[in-house]
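**Q** Next up, coords-v2.pdb (PDB, C-alpha atoms).
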```
ATOM      1  CA  MET K   1      24.862-247.484 103.368
ATOM      2  CA  ASN K   2      24.092-248.831 106.786
ATOM      3  CA  THR K   3      24.391-246.373 109.617
ATOM      4  CA  PRO K   4      25.297-248.022 112.893
ATOM      5  CA  PRO K   5      22.432-247.779 115.367
ATOM      6  CA  SER K   6      22.904-244.951 117.842
ATOM      7  CA  ASN K   7      22.492-247.142 120.881
ATOM      8  CA  HIS K   8      24.546-244.906 123.164
ATOM      9  CA  GLU K   9      26.656-247.806 124.303
ATOM     10  CA  LEU K  10      29.392-248.141 126.899
ATOM     11  CA  VAL K  11      31.305-251.395 126.853
ATOM     12  CA  ILE K  12      34.081-253.289 128.586
ATOM     13  CA  THR K  13      35.560-256.505 127.250
ATOM     14  CA  ARG K  14      38.280-258.770 128.657
ATOM     15  CA  ASP K  15      39.557-262.306 128.080
ATOM     16  CA  VAL K  16      39.686-264.076 131.431
ATOM     17  CA  ASP K  17      40.982-267.405 132.729
ATOM     18  CA  VAL K  18      37.636-268.553 134.060
ATOM     19  CA  PRO K  19      35.044-270.830 132.430
ATOM     20  CA  ALA K  20      31.843-269.157 131.223
ATOM     21  CA  GLU K  21      29.678-271.182 133.638
ATOM     22  CA  LYS K  22      31.478-269.718 136.656
ATOM     23  CA  LEU K  23      30.926-266.166 135.424
ATOM     24  CA  PHE K  24      27.284-266.876 134.638
ATOM     25  CA  GLN K  25      26.783-268.319 138.137
ATOM     26  CA  GLY K  26      28.345-265.205 139.625
ATOM     27  CA  TRP K  27      25.840-263.069 137.734
ATOM     28  CA  THR K  28      22.761-265.161 138.483
ATOM     29  CA  GLN K  29      23.045-266.535 142.040
ATOM     30  CA  PRO K  30      21.999-264.000 144.703
ATOM     31  CA  GLU K  31      24.549-265.146 147.297
ATOM     32  CA  LEU K  32      27.310-264.828 144.715
ATOM     33  CA  ILE K  33      26.319-261.505 143.122
ATOM     34  CA  LYS K  34      26.294-259.929 146.596
ATOM     35  CA  GLN K  35      30.019-260.649 146.909
ATOM     36  CA  TRP K  36      31.285-258.870 143.793
ATOM     37  CA  PHE K  37      28.702-256.658 142.068
ATOM     38  CA  CYS K  38      29.549-253.364 143.790
ATOM     39  CA  PRO K  39      33.099-252.021 143.813
ATOM     40  CA  LYS K  40      34.218-251.954 147.461
ATOM     41  CA  PRO K  41      33.790-250.196 149.864
ATOM     42  CA  TRP K  42      30.258-250.241 148.430
ATOM     43  CA  GLY K  43      28.335-253.480 148.802
ATOM     44  CA  VAL K  44      25.101-255.301 148.005
ATOM     45  CA  SER K  45      22.723-255.670 150.958
ATOM     46  CA  ARG K  46      20.040-257.611 149.101
ATOM     47  CA  ALA K  47      19.679-259.460 145.801
ATOM     48  CA  GLU K  48      16.592-261.157 144.373
ATOM     49  CA  LEU K  49      17.133-262.643 140.935
ATOM     50  CA  ASP K  50      14.346-264.386 139.035
ATOM     51  CA  VAL K  51      16.543-265.384 136.114
ATOM     52  CA  ARG K  52      14.188-265.866 133.139
ATOM     53  CA  PRO K  53      12.850-263.574 130.434
ATOM     54  CA  GLY K  54      10.302-261.360 132.172
ATOM     55  CA  GLY K  55      11.664-262.231 135.618
ATOM     56  CA  SER K  56      12.522-259.471 138.091
ATOM     57  CA  CYS K  57      15.984-258.627 139.321
ATOM     58  CA  LEU K  58      16.430-256.477 142.386
ATOM     59  CA  VAL K  59      19.867-255.509 143.607
ATOM     60  CA  VAL K  60      20.098-253.153 146.582
ATOM     61  CA  MET K  61      23.411-251.312 146.671
ATOM     62  CA  ARG K  62      24.759-250.071 150.005
ATOM     63  CA  SER K  63      27.082-247.123 150.424
ATOM     64  CA  PRO K  64      29.959-247.210 152.930
ATOM     65  CA  GLU K  65      27.775-244.974 155.158
ATOM     66  CA  GLY K  66      24.956-247.543 155.049
ATOM     67  CA  GLN K  67      22.615-245.768 152.658
ATOM     68  CA  GLU K  68      20.672-248.169 150.454
ATOM     69  CA  PHE K  69      19.943-247.743 146.744
ATOM     70  CA  PRO K  70      17.501-250.258 145.254
ATOM     71  CA  ASN K  71      18.025-251.103 141.574
ATOM     72  CA  PRO K  72      14.990-252.941 140.271
ATOM     73  CA  GLY K  73      14.914-254.329 136.740
ATOM     74  CA  VAL K  74      13.659-257.110 134.499
ATOM     75  CA  TYR K  75      15.501-259.789 132.519
ATOM     76  CA  LEU K  76      14.798-259.582 128.790
ATOM     77  CA  GLU K  77      16.869-262.517 127.579
ATOM     78  CA  VAL K  78      18.612-265.404 129.330
ATOM     79  CA  VAL K  79      20.864-267.884 127.520
ATOM     80  CA  PRO K  80      22.519-270.007 130.242
ATOM     81  CA  ASN K  81      26.317-269.581 130.342
ATOM     82  CA  ARG K  82      26.207-267.386 127.212
ATOM     83  CA  ARG K  83      24.206-264.221 127.527
ATOM     84  CA  LEU K  84      22.160-262.147 129.943
ATOM     85  CA  VAL K  85      20.103-259.075 129.033
ATOM     86  CA  PHE K  86      18.275-256.889 131.552
ATOM     87  CA  THR K  87      16.846-253.401 131.744
ATOM     88  CA  ASP K  88      15.741-250.859 134.322
ATOM     89  CA  ALA K  89      12.995-249.613 131.965
ATOM     90  CA  PHE K  90      10.635-251.938 133.887
ATOM     91  CA  THR K  91      10.523-252.594 137.634
ATOM     92  CA  LYS K  92       8.778-255.919 136.994
ATOM     93  CA  ALA K  93       6.943-257.485 134.029
ATOM     94  CA  TRP K  94       5.654-255.126 132.670
ATOM     95  CA  GLU K  95       5.541-252.059 134.889
ATOM     96  CA  PRO K  96       7.280-249.031 133.349
ATOM     97  CA  SER K  97       9.898-247.597 135.688
ATOM     98  CA  ALA K  98       9.984-243.936 136.675
ATOM     99  CA  GLN K  99      13.107-243.285 134.602
ATOM    100  CA  PRO K 100      14.453-245.765 132.038
ATOM    101  CA  PHE K 101      18.234-245.402 132.138
ATOM    102  CA  MET K 102      19.939-248.436 130.629
ATOM    103  CA  THR K 103      19.839-251.942 129.202
ATOM    104  CA  GLY K 104      22.671-254.272 130.175
ATOM    105  CA  ILE K 105      23.963-256.981 127.846
ATOM    106  CA  VAL K 106      26.544-259.365 129.318
ATOM    107  CA  GLU K 107      28.115-262.002 127.097
ATOM    108  CA  PHE K 108      30.314-264.955 127.970
ATOM    109  CA  GLU K 109      32.121-266.357 124.919
ATOM    110  CA  ASP K 110      33.843-269.685 125.475
ATOM    111  CA  LEU K 111      37.409-269.421 124.146
ATOM    112  CA  GLY K 112      38.269-273.036 125.015
ATOM    113  CA  GLY K 113      40.680-274.267 127.687
ATOM    114  CA  GLY K 114      38.654-272.688 130.478
ATOM    115  CA  ARG K 115      39.048-269.180 129.068
ATOM    116  CA  THR K 116      36.206-266.774 128.340
ATOM    117  CA  ARG K 117      35.791-263.504 126.493
ATOM    118  CA  TYR K 118      33.696-261.378 128.860
ATOM    119  CA  THR K 119      31.828-258.444 127.297
ATOM    120  CA  ALA K 120      29.510-256.182 129.262
ATOM    121  CA  ARG K 121      27.551-253.448 127.509
ATOM    122  CA  ALA K 122      25.356-250.697 128.864
ATOM    123  CA  ARG K 123      23.036-249.127 126.289
ATOM    124  CA  HIS K 124      21.178-245.929 127.027
ATOM    125  CA  TRP K 125      18.163-244.178 125.555
ATOM    126  CA  THR K 126      19.899-240.836 125.379
ATOM    127  CA  ALA K 127      23.380-239.503 124.709
ATOM    128  CA  ALA K 128      23.081-237.527 127.952
ATOM    129  CA  ASP K 129      22.530-240.694 130.000
ATOM    130  CA  ARG K 130      25.483-242.384 128.325
ATOM    131  CA  GLU K 131      27.684-239.397 129.191
ATOM    132  CA  LYS K 132      26.368-239.316 132.743
ATOM    133  CA  HIS K 133      27.081-243.031 133.172
ATOM    134  CA  GLU K 134      30.592-242.610 131.807
ATOM    135  CA  ALA K 135      31.193-239.648 134.131
ATOM    136  CA  MET K 136      29.904-241.752 137.074
ATOM    137  CA  GLY K 137      32.900-243.993 136.422
ATOM    138  CA  PHE K 138      31.438-246.731 134.226
ATOM    139  CA  HIS K 139      34.760-248.083 132.928
ATOM    140  CA  ALA K 140      36.593-248.138 136.252
ATOM    141  CA  GLY K 141      33.521-249.395 138.121
ATOM    142  CA  TRP K 142      32.568-252.251 135.811
ATOM    143  CA  ASN K 143      36.225-253.350 135.517
ATOM    144  CA  LYS K 144      36.631-253.251 139.305
ATOM    145  CA  ALA K 145      33.467-255.299 139.729
ATOM    146  CA  LEU K 146      34.818-257.821 137.206
ATOM    147  CA  ASP K 147      38.085-257.985 139.199
ATOM    148  CA  GLN K 148      36.024-258.804 142.299
ATOM    149  CA  LEU K 149      34.046-261.451 140.370
ATOM    150  CA  LEU K 150      37.297-263.064 139.187
ATOM    151  CA  GLU K 151      38.727-262.979 142.668
ATOM    152  CA  MET K 152      35.584-264.632 144.042
ATOM    153  CA  VAL K 153      35.646-267.495 141.553
ATOM    154  CA  GLY K 154      39.418-267.839 141.914
ATOM    155  CA  GLU K 155      40.829-266.993 138.496
ATOM    156  CA  HIS K 156      43.952-269.036 137.929
TER
ATOM    157  CA  MET A 157      -0.823-250.487 152.496
ATOM    158  CA  ASN A 158      -0.051-251.331 148.894
ATOM    159  CA  THR A 159      -0.017-248.409 146.521
ATOM    160  CA  PRO A 160      -1.007-249.361 142.996
ATOM    161  CA  PRO A 161       1.902-249.013 140.599
ATOM    162  CA  SER A 162       1.779-245.769 138.672
ATOM    163  CA  ASN A 163       2.018-247.413 135.298
ATOM    164  CA  HIS A 164       0.222-244.612 133.447
ATOM    165  CA  GLU A 165      -2.159-247.056 131.856
ATOM    166  CA  LEU A 166      -4.887-246.671 129.267
ATOM    167  CA  VAL A 167      -7.121-249.699 128.760
ATOM    168  CA  ILE A 168     -10.054-250.988 126.756
ATOM    169  CA  THR A 169     -11.836-254.239 127.528
ATOM    170  CA  ARG A 170     -14.746-255.952 125.791
ATOM    171  CA  ASP A 171     -16.362-259.381 125.742
ATOM    172  CA  VAL A 172     -16.642-260.518 122.152
ATOM    173  CA  ASP A 173     -18.248-263.448 120.304
ATOM    174  CA  VAL A 174     -15.006-264.666 118.762
ATOM    175  CA  PRO A 175     -12.642-267.426 119.950
ATOM    176  CA  ALA A 176      -9.316-266.295 121.389
ATOM    177  CA  GLU A 177      -7.348-268.066 118.631
ATOM    178  CA  LYS A 178      -8.980-265.935 115.925
ATOM    179  CA  LEU A 179      -8.083-262.730 117.753
ATOM    180  CA  PHE A 180      -4.532-263.901 118.364
ATOM    181  CA  GLN A 181      -4.146-264.751 114.658
ATOM    182  CA  GLY A 182      -5.403-261.298 113.754
ATOM    183  CA  TRP A 183      -2.716-259.768 115.947
ATOM    184  CA  THR A 184       0.150-261.991 114.836
ATOM    185  CA  GLN A 185      -0.248-262.685 111.086
ATOM    186  CA  PRO A 186       1.057-259.829 108.901
ATOM    187  CA  GLU A 187      -1.569-260.251 106.166
ATOM    188  CA  LEU A 188      -4.303-260.123 108.796
ATOM    189  CA  ILE A 189      -3.012-257.245 110.932
ATOM    190  CA  LYS A 190      -2.817-255.093 107.781
ATOM    191  CA  GLN A 191      -6.580-255.387 107.392
ATOM    192  CA  TRP A 192      -7.705-254.070 110.766
ATOM    193  CA  PHE A 193      -4.921-252.456 112.834
ATOM    194  CA  CYS A 194      -5.447-248.833 111.723
ATOM    195  CA  PRO A 195      -8.855-247.176 111.968
ATOM    196  CA  LYS A 196      -9.933-246.371 108.399
ATOM    197  CA  PRO A 197      -9.319-244.272 106.343
ATOM    198  CA  TRP A 198      -5.808-244.903 107.706
ATOM    199  CA  GLY A 199      -4.198-248.204 106.761
ATOM    200  CA  VAL A 200      -1.163-250.428 107.201
ATOM    201  CA  SER A 201       1.190-250.505 104.201
ATOM    202  CA  ARG A 202       3.653-252.990 105.661
ATOM    203  CA  ALA A 203       3.815-255.419 108.583
ATOM    204  CA  GLU A 204       6.718-257.629 109.656
ATOM    205  CA  LEU A 205       6.021-259.637 112.796
ATOM    206  CA  ASP A 206       8.613-261.937 114.345
ATOM    207  CA  VAL A 207       6.310-263.207 117.063
ATOM    208  CA  ARG A 208       8.580-264.448 119.870
ATOM    209  CA  PRO A 209      10.128-262.779 122.928
ATOM    210  CA  GLY A 210      12.876-260.543 121.566
ATOM    211  CA  GLY A 211      11.450-260.677 118.027
ATOM    212  CA  SER A 212      10.893-257.457 116.099
ATOM    213  CA  CYS A 213       7.532-256.085 115.076
ATOM    214  CA  LEU A 214       7.333-253.394 112.431
ATOM    215  CA  VAL A 215       3.994-251.907 111.434
ATOM    216  CA  VAL A 216       4.013-249.051 108.925
ATOM    217  CA  MET A 217       0.894-246.907 109.192
ATOM    218  CA  ARG A 218      -0.301-244.979 106.137
ATOM    219  CA  SER A 219      -2.344-241.794 106.262
ATOM    220  CA  PRO A 220      -5.195-241.184 103.808
ATOM    221  CA  GLU A 221      -2.806-238.816 101.976
ATOM    222  CA  GLY A 222      -0.247-241.611 101.580
ATOM    223  CA  GLN A 223       2.255-240.523 104.232
ATOM    224  CA  GLU A 224       3.944-243.444 105.969
ATOM    225  CA  PHE A 225       4.681-243.741 109.694
ATOM    226  CA  PRO A 226       6.873-246.702 110.702
ATOM    227  CA  ASN A 227       6.244-248.127 114.179
ATOM    228  CA  PRO A 228       9.094-250.447 115.126
ATOM    229  CA  GLY A 229       9.016-252.431 118.341
ATOM    230  CA  VAL A 230       9.968-255.663 120.064
ATOM    231  CA  TYR A 231       7.867-258.445 121.565
ATOM    232  CA  LEU A 232       8.559-258.961 125.262
ATOM    233  CA  GLU A 233       6.196-261.851 125.958
ATOM    234  CA  VAL A 234       4.204-264.206 123.758
ATOM    235  CA  VAL A 235       1.706-266.737 125.115
ATOM    236  CA  PRO A 236      -0.126-268.180 122.099
ATOM    237  CA  ASN A 237      -3.860-267.384 122.123
ATOM    238  CA  ARG A 238      -3.557-265.810 125.576
ATOM    239  CA  ARG A 239      -1.261-262.837 125.785
ATOM    240  CA  LEU A 240       0.984-260.568 123.746
ATOM    241  CA  VAL A 241       3.319-257.917 125.156
ATOM    242  CA  PHE A 242       5.355-255.512 123.042
ATOM    243  CA  THR A 243       7.138-252.196 123.446
ATOM    244  CA  ASP A 244       8.502-249.372 121.330
ATOM    245  CA  ALA A 245      11.332-248.815 123.847
ATOM    246  CA  PHE A 246      13.466-250.983 121.543
ATOM    247  CA  THR A 247      13.554-251.001 117.731
ATOM    248  CA  LYS A 248      14.955-254.521 117.760
ATOM    249  CA  ALA A 249      16.611-256.760 120.372
ATOM    250  CA  TRP A 250      18.132-254.809 122.112
ATOM    251  CA  GLU A 251      18.539-251.430 120.483
ATOM    252  CA  PRO A 252      17.093-248.558 122.535
ATOM    253  CA  SER A 253      14.628-246.493 120.503
ATOM    254  CA  ALA A 254      14.908-242.738 120.172
ATOM    255  CA  GLN A 255      11.856-242.153 122.344
ATOM    256  CA  PRO A 256      10.235-244.898 124.450
ATOM    257  CA  PHE A 257       6.521-244.152 124.472
ATOM    258  CA  MET A 258       4.513-247.235 125.442
ATOM    259  CA  THR A 259       4.284-250.917 126.227
ATOM    260  CA  GLY A 260       1.238-252.772 124.896
ATOM    261  CA  ILE A 261      -0.327-255.706 126.736
ATOM    262  CA  VAL A 262      -3.107-257.535 124.891
ATOM    263  CA  GLU A 263      -4.945-260.350 126.640
ATOM    264  CA  PHE A 264      -7.414-262.878 125.293
ATOM    265  CA  GLU A 265      -9.358-264.613 128.075
ATOM    266  CA  ASP A 266     -11.400-267.616 126.972
ATOM    267  CA  LEU A 267     -14.925-267.249 128.374
ATOM    268  CA  GLY A 268     -16.129-270.559 126.882
ATOM    269  CA  GLY A 269     -18.631-271.066 124.050
ATOM    270  CA  GLY A 270     -16.454-269.242 121.579
ATOM    271  CA  ARG A 271     -16.496-266.005 123.579
ATOM    272  CA  THR A 272     -13.447-264.042 124.688
ATOM    273  CA  ARG A 273     -12.712-261.201 127.068
ATOM    274  CA  TYR A 274     -10.439-258.912 125.076
ATOM    275  CA  THR A 275      -8.288-256.488 127.098
ATOM    276  CA  ALA A 276      -5.760-254.137 125.531
ATOM    277  CA  ARG A 277      -3.558-251.965 127.715
ATOM    278  CA  ALA A 278      -1.098-249.233 126.829
ATOM    279  CA  ARG A 279       1.339-248.371 129.613
ATOM    280  CA  HIS A 280       3.489-245.270 129.432
ATOM    281  CA  TRP A 281       6.658-244.102 131.156
ATOM    282  CA  THR A 282       5.245-240.694 131.925
ATOM    283  CA  ALA A 283       1.909-239.163 132.850
ATOM    284  CA  ALA A 284       2.425-236.695 129.997
ATOM    285  CA  ASP A 285       2.678-239.495 127.426
ATOM    286  CA  ARG A 286      -0.442-241.166 128.806
ATOM    287  CA  GLU A 287      -2.344-237.867 128.494
ATOM    288  CA  LYS A 288      -1.015-237.300 125.008
ATOM    289  CA  HIS A 289      -2.054-240.794 123.944
ATOM    290  CA  GLU A 290      -5.516-240.280 125.392
ATOM    291  CA  ALA A 291      -5.826-236.912 123.625
ATOM    292  CA  MET A 292      -4.728-238.577 120.350
ATOM    293  CA  GLY A 293      -7.920-240.608 120.637
ATOM    294  CA  PHE A 294      -6.740-243.823 122.302
ATOM    295  CA  HIS A 295     -10.178-245.051 123.393
ATOM    296  CA  ALA A 296     -11.995-244.352 120.115
ATOM    297  CA  GLY A 297      -9.050-245.569 118.031
ATOM    298  CA  TRP A 298      -8.385-248.848 119.794
ATOM    299  CA  ASN A 299     -12.127-249.619 119.940
ATOM    300  CA  LYS A 300     -12.519-248.833 116.236
ATOM    301  CA  ALA A 301      -9.553-251.076 115.419
ATOM    302  CA  LEU A 302     -11.148-253.851 117.478
ATOM    303  CA  ASP A 303     -14.410-253.350 115.516
ATOM    304  CA  GLN A 304     -12.411-253.811 112.320
ATOM    305  CA  LEU A 305     -10.715-256.925 113.727
ATOM    306  CA  LEU A 306     -14.102-258.412 114.673
ATOM    307  CA  GLU A 307     -15.523-257.576 111.256
ATOM    308  CA  MET A 308     -12.537-259.245 109.581
ATOM    309  CA  VAL A 309     -12.881-262.498 111.530
ATOM    310  CA  GLY A 310     -16.651-262.401 111.175
ATOM    311  CA  GLU A 311     -18.007-262.036 114.696
ATOM    312  CA  HIS A 312     -21.323-263.808 114.928
TER
END
```
Step by step, read the file and then write its structure as structure tokens.

**A**
Amino acid sequence: MNTPPSNHELVITRDVDVPAEKLFQGWTQPELIKQWFCPKPWGVSRAELDVRPGGSCLVVMRSPEGQEFPNPGVYLEVVPNRRLVFTDAFTKAWEPSAQPFMTGIVEFEDLGGGRTRYTARARHWTAADREKHEAMGFHAGWNKALDQLLEMVGEH
Amino acid sequence: MNTPPSNHELVITRDVDVPAEKLFQGWTQPELIKQWFCPKPWGVSRAELDVRPGGSCLVVMRSPEGQEFPNPGVYLEVVPNRRLVFTDAFTKAWEPSAQPFMTGIVEFEDLGGGRTRYTARARHWTAADREKHEAMGFHAGWNKALDQLLEMVGEH
């Protein structure tokens, strides 16, 4: 009997009226990710995205009061317009971070006719971190961010 | 002033009379890695190496008493005959492991004339894990394994 892996996952998935390429661009172009990645009134003050396996991604989140929170990570897998995997277990290739928290897996499945099944997963090393992330508002936050992404690219 | 990253590293480096390709083969071919990877009287009872970024590596170590210790991991970076990076933070792409311990970085620098500078690094997420690894005999163990690798490929 196969036991499912205990990957401590949180996930959102939605079918959206936007082509996969547009969503992938939103995730991978710094000037675009700054517009949608943080649920307002939070924002992104800086984004540096070296989109290739082993490349660094740095997103600095800014609170409404102006406090900045840098989120450094590394891309693990990049399949253009299909799939993006990144983790905060490394701050760059291959420097261990102070506190590995999650690995993000974002998938864009072409449904035809300009529609896409969008699935975003956050996997954690511990059950406690998964619970913490959920309590921080994972589902509302990631859905709100997706709303902002769709608004930016003009879902029709 | 740049502070060096606190990557909690342990490292061995040696110049050896073996071409880089031979060392890389020893690291990446299952039938070869079984012969040298564990300092005797320990051994490797099983090795499955999917040598590509995101590929799984499973090495099962066997104690002299016959107890088996599986070590699953994932390759993060593969540059043939040059560089190999792997971590036990994932058991496969991209399943978080129960307890991330280290990332291994092995480099083969061609010195010309069939000589190679061999550098093997183990980076840890915590100072405690680095200390534990050192106390487990990192330096003696990794040097002994390298001796066995050199013996296998017939250093001259």

**Q** In terms of the shortest atom-to-atom distance over only C-alpha atoms, which of A:Ser253, A:Gln181, A:Thr272, A:Thr247 is closest to chain K?

**A** A:Ser253

**Q** Suppose you want the space between atom CA of K:Gly112 and atom CA of K:Ala20; what is it in Å?

**A** 9.7 Å

**Q** Let me know the residues the PyMOL selection byres ((chain K) within 6 of (chain A)) catches in the file above, as a list in words.

**A**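 The output of the PyMOL selection byres ((chain K) within 6 of (chain A)) on this file is Asn7, Glu95, Pro96 and Trp125 of chain K.
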
**Q** Would you write out those residues with C-alpha atoms, as a PDB file, keeping the file's coordinate frame?

**A**
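Writing the result to again_5.pdb gives the following:
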```
ATOM      1  CA  ASN K   7      22.492-247.142 120.881  1.00  0.00           C
ATOM      2  CA  GLU K  95       5.541-252.059 134.889  1.00  0.00           C
ATOM      3  CA  PRO K  96       7.280-249.031 133.349  1.00  0.00           C
ATOM      4  CA  TRP K 125      18.163-244.178 125.555  1.00  0.00           C
TER       5      TRP K 125
END
```

**Q** With all atoms of stretch 274-293 of chain A from the file as input, state the centre and edge lengths in Å to one decimal of the axis-aligned box that has 3 Å extra on each side, as JSON.

**A**
```
{"center_x": -1.9, "center_y": -247.8, "center_z": 126.6, "size_x": 23.1, "size_y": 28.2, "size_z": 18.5}
```

**Q** I need the output of the PyMOL selection byres ((chain A and resi 178) around 12) for this file as a ChimeraX atom specification; which residues are they?

**A** /A:172-177,179-185,188-189,236-238,264,266,270-272,274,305-311

**Q** Which residues fall under the PyMOL selection byres ((chain A and resi 202) around 12) in this file, as a PyMOL selection string?

**A** chain A and resi 185-191+193-194+199-201+203-205+213-218+224-228

**Q** Which of these, K:Ala135, K:Lys92, K:Leu146, K:Arg52, has the shortest distance to K:Ala120 once you count all atoms listed in the file?

**A**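 Nearest to K:Ala120: K:Leu146.
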